[in-house]
Structures are given as C-alpha cells and as structure tokens.
>>> print(open('target11.csv').read())   # CSV, C-alpha atoms
chain,number,residue,atom,x,y,z
P,135,MET,CA,16.4,44.7,-86.4
P,136,LYS,CA,14.8,42.7,-89.2
P,137,GLU,CA,17.0,44.3,-91.9
P,138,GLN,CA,20.2,43.4,-89.9
P,139,ILE,CA,19.0,39.8,-89.2
P,140,ASP,CA,18.1,39.3,-92.9
P,141,ALA,CA,21.5,40.7,-94.0
P,142,ALA,CA,23.3,38.5,-91.5
P,143,ILE,CA,21.4,35.4,-92.6
P,144,LYS,CA,22.2,36.1,-96.3
P,145,VAL,CA,25.9,36.1,-95.4
P,146,LEU,CA,25.6,32.9,-93.3
P,147,LYS,CA,23.8,31.1,-96.1
P,148,GLU,CA,26.6,32.1,-98.5
P,149,GLY,CA,29.2,30.7,-96.2
P,150,GLY,CA,30.4,34.0,-94.9
P,151,VAL,CA,31.5,35.1,-91.4
P,152,ILE,CA,29.6,37.7,-89.3
P,153,LEU,CA,30.6,39.8,-86.4
P,154,TYR,CA,27.6,39.8,-84.0
P,155,PRO,CA,26.6,40.5,-80.4
P,156,THR,CA,25.8,37.6,-78.1
P,157,ASP,CA,24.7,37.4,-74.4
P,158,THR,CA,28.4,37.4,-73.3
P,159,ILE,CA,30.7,39.2,-75.7
P,160,TRP,CA,30.9,40.1,-79.4
P,161,GLY,CA,31.5,37.0,-81.5
P,162,LEU,CA,32.6,35.8,-84.8
P,163,GLY,CA,30.0,33.5,-86.3
P,164,CYS,CA,29.2,31.3,-89.3
P,165,ASP,CA,27.0,28.4,-90.2
P,166,ALA,CA,28.2,25.7,-87.9
P,167,THR,CA,27.3,23.0,-90.5
P,168,ASN,CA,29.6,24.6,-93.2
P,169,GLU,CA,33.2,23.3,-92.9
P,170,ALA,CA,34.6,26.0,-95.3
P,171,ALA,CA,32.9,28.8,-93.3
P,172,VAL,CA,34.3,27.4,-90.1
P,173,GLU,CA,37.8,27.3,-91.6
P,174,LYS,CA,37.4,31.1,-92.4
P,175,ILE,CA,36.9,31.7,-88.7
P,176,PHE,CA,40.1,29.8,-87.8
P,177,ARG,CA,42.0,31.9,-90.4
P,178,ILE,CA,40.6,35.2,-89.1
P,179,LYS,CA,41.4,34.3,-85.5
P,180,GLN,CA,44.8,32.9,-86.6
P,181,ARG,CA,43.9,29.9,-84.4
P,182,SER,CA,44.8,26.2,-84.8
P,183,ASP,CA,41.8,24.2,-86.0
P,184,SER,CA,42.7,21.5,-83.5
P,185,LYS,CA,40.6,23.5,-81.0
P,186,SER,CA,36.9,23.0,-81.1
P,187,LEU,CA,34.4,25.9,-81.3
P,188,ILE,CA,31.2,26.8,-79.4
P,189,THR,CA,27.9,26.8,-81.2
P,190,LEU,CA,24.8,28.7,-80.4
P,191,VAL,CA,21.3,27.3,-80.8
P,192,ALA,CA,17.8,28.7,-80.2
P,193,ASP,CA,16.5,26.1,-77.7
P,194,LEU,CA,16.8,22.5,-76.4
P,195,ASP,CA,14.9,21.2,-79.4
P,196,MET,CA,17.7,22.6,-81.6
P,197,VAL,CA,20.3,21.0,-79.4
P,198,GLY,CA,18.7,17.7,-80.3
P,199,LYS,CA,19.5,18.3,-83.9
P,200,TYR,CA,23.2,18.3,-83.1
P,201,VAL,CA,23.7,15.6,-80.5
P,202,LYS,CA,22.8,11.9,-80.5
P,203,GLU,CA,21.2,12.1,-77.1
P,204,ILE,CA,20.7,15.0,-74.6
P,205,PRO,CA,21.7,13.9,-71.1
P,206,GLU,CA,18.9,14.5,-68.6
P,207,ILE,CA,21.4,16.4,-66.4
P,208,ALA,CA,21.9,18.9,-69.3
P,209,VAL,CA,18.1,19.6,-69.4
P,210,GLN,CA,18.1,20.2,-65.7
P,211,LEU,CA,21.1,22.6,-66.0
P,212,VAL,CA,19.5,24.6,-68.8
P,213,GLU,CA,16.2,24.9,-66.8
P,214,VAL,CA,17.8,26.2,-63.6
P,215,ASN,CA,20.7,28.2,-64.8
P,216,ASP,CA,20.5,32.0,-64.8
P,217,LYS,CA,23.8,33.0,-66.4
P,218,PRO,CA,25.4,32.2,-69.8
P,219,MET,CA,26.4,28.5,-69.8
P,220,THR,CA,27.9,26.4,-72.5
P,221,ILE,CA,27.4,22.7,-72.2
P,222,ILE,CA,29.7,20.2,-73.8
P,223,TYR,CA,27.6,17.4,-75.0
P,224,PRO,CA,28.8,13.9,-76.1
P,225,GLY,CA,27.9,12.5,-79.5
P,226,ALA,CA,28.0,15.5,-81.8
P,227,ILE,CA,26.1,15.0,-85.1
P,228,GLY,CA,25.1,17.2,-88.1
P,229,LEU,CA,27.9,19.8,-87.6
P,230,ALA,CA,31.0,20.6,-89.6
P,231,LYS,CA,33.8,18.3,-88.5
P,232,ASN,CA,36.0,21.3,-87.6
P,233,VAL,CA,33.5,22.4,-85.0
P,234,VAL,CA,33.5,19.0,-83.2
P,235,ALA,CA,36.3,18.2,-80.7
P,236,GLU,CA,38.5,15.1,-81.3
P,237,ASP,CA,36.5,13.1,-78.7
P,238,GLY,CA,33.3,13.7,-80.6
P,239,THR,CA,31.9,16.3,-78.2
P,240,VAL,CA,30.5,19.8,-79.0
P,241,GLY,CA,30.0,22.9,-76.9
P,242,ILE,CA,26.5,24.4,-77.3
P,243,ARG,CA,24.9,27.4,-75.6
P,244,ILE,CA,21.4,28.8,-75.7
P,245,PRO,CA,22.0,32.6,-75.6
P,246,ASN,CA,19.9,35.1,-73.8
P,247,ASN,CA,20.2,38.0,-76.2
P,248,GLU,CA,17.3,39.3,-78.3
P,249,PHE,CA,19.2,39.9,-81.5
P,250,CYS,CA,21.1,36.7,-81.3
P,251,ASN,CA,18.1,34.6,-80.5
P,252,LYS,CA,16.1,36.0,-83.4
P,253,LEU,CA,19.0,35.5,-85.7
P,254,ILE,CA,19.4,31.8,-84.8
P,255,PHE,CA,15.6,31.2,-84.8
P,256,LYS,CA,15.2,32.6,-88.3
P,257,PHE,CA,18.4,31.0,-89.6
P,258,ARG,CA,17.2,27.6,-88.2
P,259,LYS,CA,20.7,26.2,-87.8
P,260,ALA,CA,23.5,26.3,-85.2
P,261,ILE,CA,25.8,29.3,-85.5
P,262,VAL,CA,29.5,29.2,-84.4
P,263,SER,CA,30.3,31.6,-81.6
P,264,THR,CA,33.9,32.5,-80.8
P,265,SER,CA,35.3,35.7,-79.4
P,266,ALA,CA,36.0,38.4,-81.9
P,267,ASN,CA,39.8,38.6,-81.4
P,268,ILE,CA,43.1,37.2,-82.7
P,269,SER,CA,43.9,34.0,-80.8
P,270,GLY,CA,45.9,34.8,-77.7
P,271,THR,CA,44.8,38.4,-77.4
P,272,PRO,CA,42.1,39.7,-75.0
P,273,ALA,CA,38.5,39.1,-76.0
P,274,PRO,CA,36.8,42.4,-76.8
P,275,VAL,CA,33.9,42.9,-74.3
P,276,ARG,CA,32.3,45.9,-76.2
P,277,PHE,CA,31.9,46.7,-79.8
P,278,GLY,CA,34.5,49.5,-79.5
P,279,ASP,CA,37.1,47.0,-78.3
P,280,ILE,CA,37.0,44.9,-81.5
P,281,PRO,CA,40.3,45.2,-83.5
P,282,GLN,CA,40.0,46.8,-86.9
P,283,GLU,CA,41.8,43.7,-88.3
P,284,ILE,CA,38.8,41.6,-87.2
P,285,MET,CA,36.2,44.0,-88.6
P,286,ASP,CA,38.0,44.1,-92.0
P,287,ALA,CA,38.2,40.3,-92.2
P,288,VAL,CA,34.5,39.5,-91.7
P,289,ASP,CA,31.7,39.6,-94.4
P,290,PHE,CA,29.1,41.4,-92.3
P,291,VAL,CA,29.2,43.5,-89.1
P,292,VAL,CA,26.0,43.7,-87.1
P,293,SER,CA,25.2,47.3,-86.0
P,294,PRO,CA,26.5,48.0,-82.5
P,295,GLU,CA,23.0,49.3,-81.6
P,296,PHE,CA,22.1,45.6,-81.0
P,297,GLU,CA,24.8,45.0,-78.4
P,298,GLY,CA,22.1,45.0,-75.7
P,299,GLU,CA,22.8,43.7,-72.2
P,300,CYS,CA,25.7,41.3,-72.3
P,301,THR,CA,27.7,39.9,-69.4
P,302,ARG,CA,31.0,41.1,-71.0
P,303,ALA,CA,32.5,37.9,-69.8
P,304,ALA,CA,32.9,34.4,-71.4
P,305,SER,CA,30.2,31.8,-70.5
P,306,GLN,CA,30.8,29.1,-67.9
P,307,ILE,CA,31.5,25.8,-69.5
P,308,ILE,CA,30.2,22.5,-68.1
P,309,LYS,CA,30.9,19.1,-69.7
P,310,VAL,CA,28.1,16.5,-69.2
P,311,GLY,CA,28.0,12.8,-69.8
P,312,LEU,CA,25.2,10.4,-70.6
P,313,GLY,CA,25.4,9.0,-67.1
P,314,SER,CA,24.8,12.5,-65.6
P,315,GLU,CA,28.5,13.1,-65.0
P,316,ILE,CA,29.4,16.8,-64.7
P,317,GLU,CA,32.8,18.4,-65.1
P,318,ILE,CA,33.2,22.2,-64.7
P,319,ILE,CA,35.7,23.3,-67.3
P,320,ARG,CA,35.3,27.1,-66.8
P,321,GLY,CA,33.2,28.4,-63.8
>>> encode(input="target11.csv", output="structure tokens")
Amino acid sequence: MKEQIDAAIKVLKEGGVILYPTDTIWGLGCDATNEAAVEKIFRIKQRSDSKSLITLVADLDMVGKYVKEIPEIAVQLVEVNDKPMTIIYPGAIGLAKNVVAEDGTVGIRIPNNEFCNKLIFKFRKAIVSTSANISGTPAPVRFGDIPQEIMDAVDFVVSPEFEGECTRAASQIIKVGLGSEIEIIRG
C-alpha cells in the first residue's frame, strides 16, 4: 500500500490527476488547492467548470483548513453519521477557485476507506473527489466499470486491490448553515 500511496502523492504534488478508490465509488482526484489540476479533471470528465466539486479530507481538523467556520451542526452530523456523507459548508477558503461553488460553499467528505484515508493523511491537503466517468454517463461502481477513456486520461491509476469495501453509491449530500440550518441535497 505504501508504494501506491507514495506514487499517488508524487502525481498529486506535480499537479496530476489520479484514479483512486474511495468509500463510495472510484474517483478522479487531484490537489484541491491546485487550479490547473482541477481544470484537468473538468477536461477529463468533459464537464462544465460551473459545477463545483467535492473534496475529501482526513478529519474535522482538516475541514477547518478549508472553511472559515465549522457550523456546530456539521460537527454533530459527522459524529453520528454512519454512512458516506458530504457536507456543503459555507465560507470556503484555501481551495482552488474552481472547486468552490459560486455562492462560496464547498462540499467536503471525510471518507471511510483505508487507502483513501492514508493517502489524504500523508498528502496533508484536500483531494478532489468526483466520479470516474464522462459527465452525463453512469458513474462506475467497480474498478472494472471504469471506461478506458478515463483510465488513459489520468496520470496514475491506483491498483484495484485497494478497492476495499465501498458503498458503490454516491454519498448523501447535506448543506449546512452557520445558524444550524440543514438542507438535504441528496439523501
């Protein structure tokens, strides 16, 4: 695992795009603070850059690096939730502008996948996570479902042996506000 993580981190630091397993489905990832790397993901997915992207972080401490203030309700949601959950936080900071939504929010998830967690922890920065597909086509739930076009377009493909136990479904998405408002975007 260490060799795969080290190789992925080298690519991330160089502004490249990786194909990697998460706790939900296989994702395309890059350094979420690198605008040029994020643009590569939009090109690979053939997706408009007007749509924001989800980022993955190791823990709530790392969330604090990328939002002005963590709403208390978000802390409570993270503590009690037992399935993959992306929280949309207000007041994004420190991220590439093409990761952040027009309203200044950002979607962040703390994944529950050994490979993914070790990668993020060692990289020490947020990583973009978006499904490994061309925009508008079904998201691949297993490594074998990933289109060859996607595999050829990335700079590094993590070995499928690290797929692990994933939900094979996209995460729920909950938008939170500083006044503890909650909006369920995807259940």
>>> residues_around(input="target11.csv", residues="segment 250-252 of chain P", least_positions_apart="4", cutoff="8 Å", atoms="all atoms listed in the file", output="ChimeraX atom specification")
/P:139,154-157,191-192,245-246,256
>>> residues_around(input="target11.csv", residues="Lys202 of chain P", least_positions_apart="2", cutoff="12 Å", atoms="only C-alpha atoms", output="ChimeraX atom specification")
/P:196-200,204-205,223-229,238-240,311-312
>>> closest_residue(input="target11.csv", among="P:Gln210, P:Gln138, P:Asn232, P:Ser186", to="Glu173 of chain P", atoms="all atoms listed in the file")
P:Asn232
>>> closest_residue(input="target11.csv", among="P:Val292, P:Met219, P:Ile284, P:Ile159", to="Ala142 of chain P", atoms="only C-alpha atoms")
P:Val292
>>> residues_around(input="target11.csv", residues="Ala273 of chain P", least_positions_apart="4", cutoff="12 Å", atoms="all atoms listed in the file", output="ChimeraX atom specification")
/P:158-162,179,264-269,277-281,284,302-304
>>> write_last_selection(input="target11.csv", atoms="C-alpha atoms", output="CSV table (one decimal), in the frame of the given file")
chain,number,residue,atom,x,y,z
P,158,THR,CA,28.4,37.4,-73.3
P,159,ILE,CA,30.7,39.2,-75.7
P,160,TRP,CA,30.9,40.1,-79.4
P,161,GLY,CA,31.5,37.0,-81.5
P,162,LEU,CA,32.6,35.8,-84.8
P,179,LYS,CA,41.4,34.3,-85.5
P,264,THR,CA,33.9,32.5,-80.8
P,265,SER,CA,35.3,35.7,-79.4
P,266,ALA,CA,36.0,38.4,-81.9
P,267,ASN,CA,39.8,38.6,-81.4
P,268,ILE,CA,43.1,37.2,-82.7
P,269,SER,CA,43.9,34.0,-80.8
P,277,PHE,CA,31.9,46.7,-79.8
P,278,GLY,CA,34.5,49.5,-79.5
P,279,ASP,CA,37.1,47.0,-78.3
P,280,ILE,CA,37.0,44.9,-81.5
P,281,PRO,CA,40.3,45.2,-83.5
P,284,ILE,CA,38.8,41.6,-87.2
P,302,ARG,CA,31.0,41.1,-71.0
P,303,ALA,CA,32.5,37.9,-69.8
P,304,ALA,CA,32.9,34.4,-71.4
>>> atom_distance(input="target11.csv", atom1="atom CA of Ala171 of chain P", atom2="atom CA of Gly321 of chain P")
29.5 Å
>>> atom_distance(input="target11.csv", atom1="atom CA of Phe257 of chain P", atom2="atom CA of Ile221 of chain P")
21.3 Å
>>> atom_distance(input="target11.csv", atom1="atom CA of Pro218 of chain P", atom2="atom CA of Gly241 of chain P")
12.6 Å
>>> closest_residue(input="target11.csv", among="P:Ile242, P:Ala166, P:Phe255, P:Ala260", to="Ile222 of chain P", atoms="only C-alpha atoms")
P:Ile242
>>> closest_residue(input="target11.csv", among="P:Val234, P:Ala287, P:Val214, P:Ile152", to="Val201 of chain P", atoms="only C-alpha atoms")
P:Val234
>>> closest_residue(input="target11.csv", among="P:Arg276, P:Lys185, P:Lys144, P:Lys259", to="Asp165 of chain P", atoms="only C-alpha atoms")
P:Lys259
>>> residues_around(input="target11.csv", residues="Leu211 of chain P", least_positions_apart="2", cutoff="12 Å", atoms="only C-alpha atoms", output="VMD selection string")
chain P and resid 194 204 to 209 213 to 222 243 to 244 306 to 310 314 316
>>> residues_near_point(input="target11.csv", point="(32.9, 29.7, -81.6)", cutoff="6 Å", atoms="only C-alpha atoms", output="VMD selection string")
chain P and resid 187 to 189 262 to 264
>>> closest_residue(input="target11.csv", among="P:Glu295, P:Met285, P:Asn247, P:Glu236", to="Ile178 of chain P", atoms="only C-alpha atoms")
P:Met285
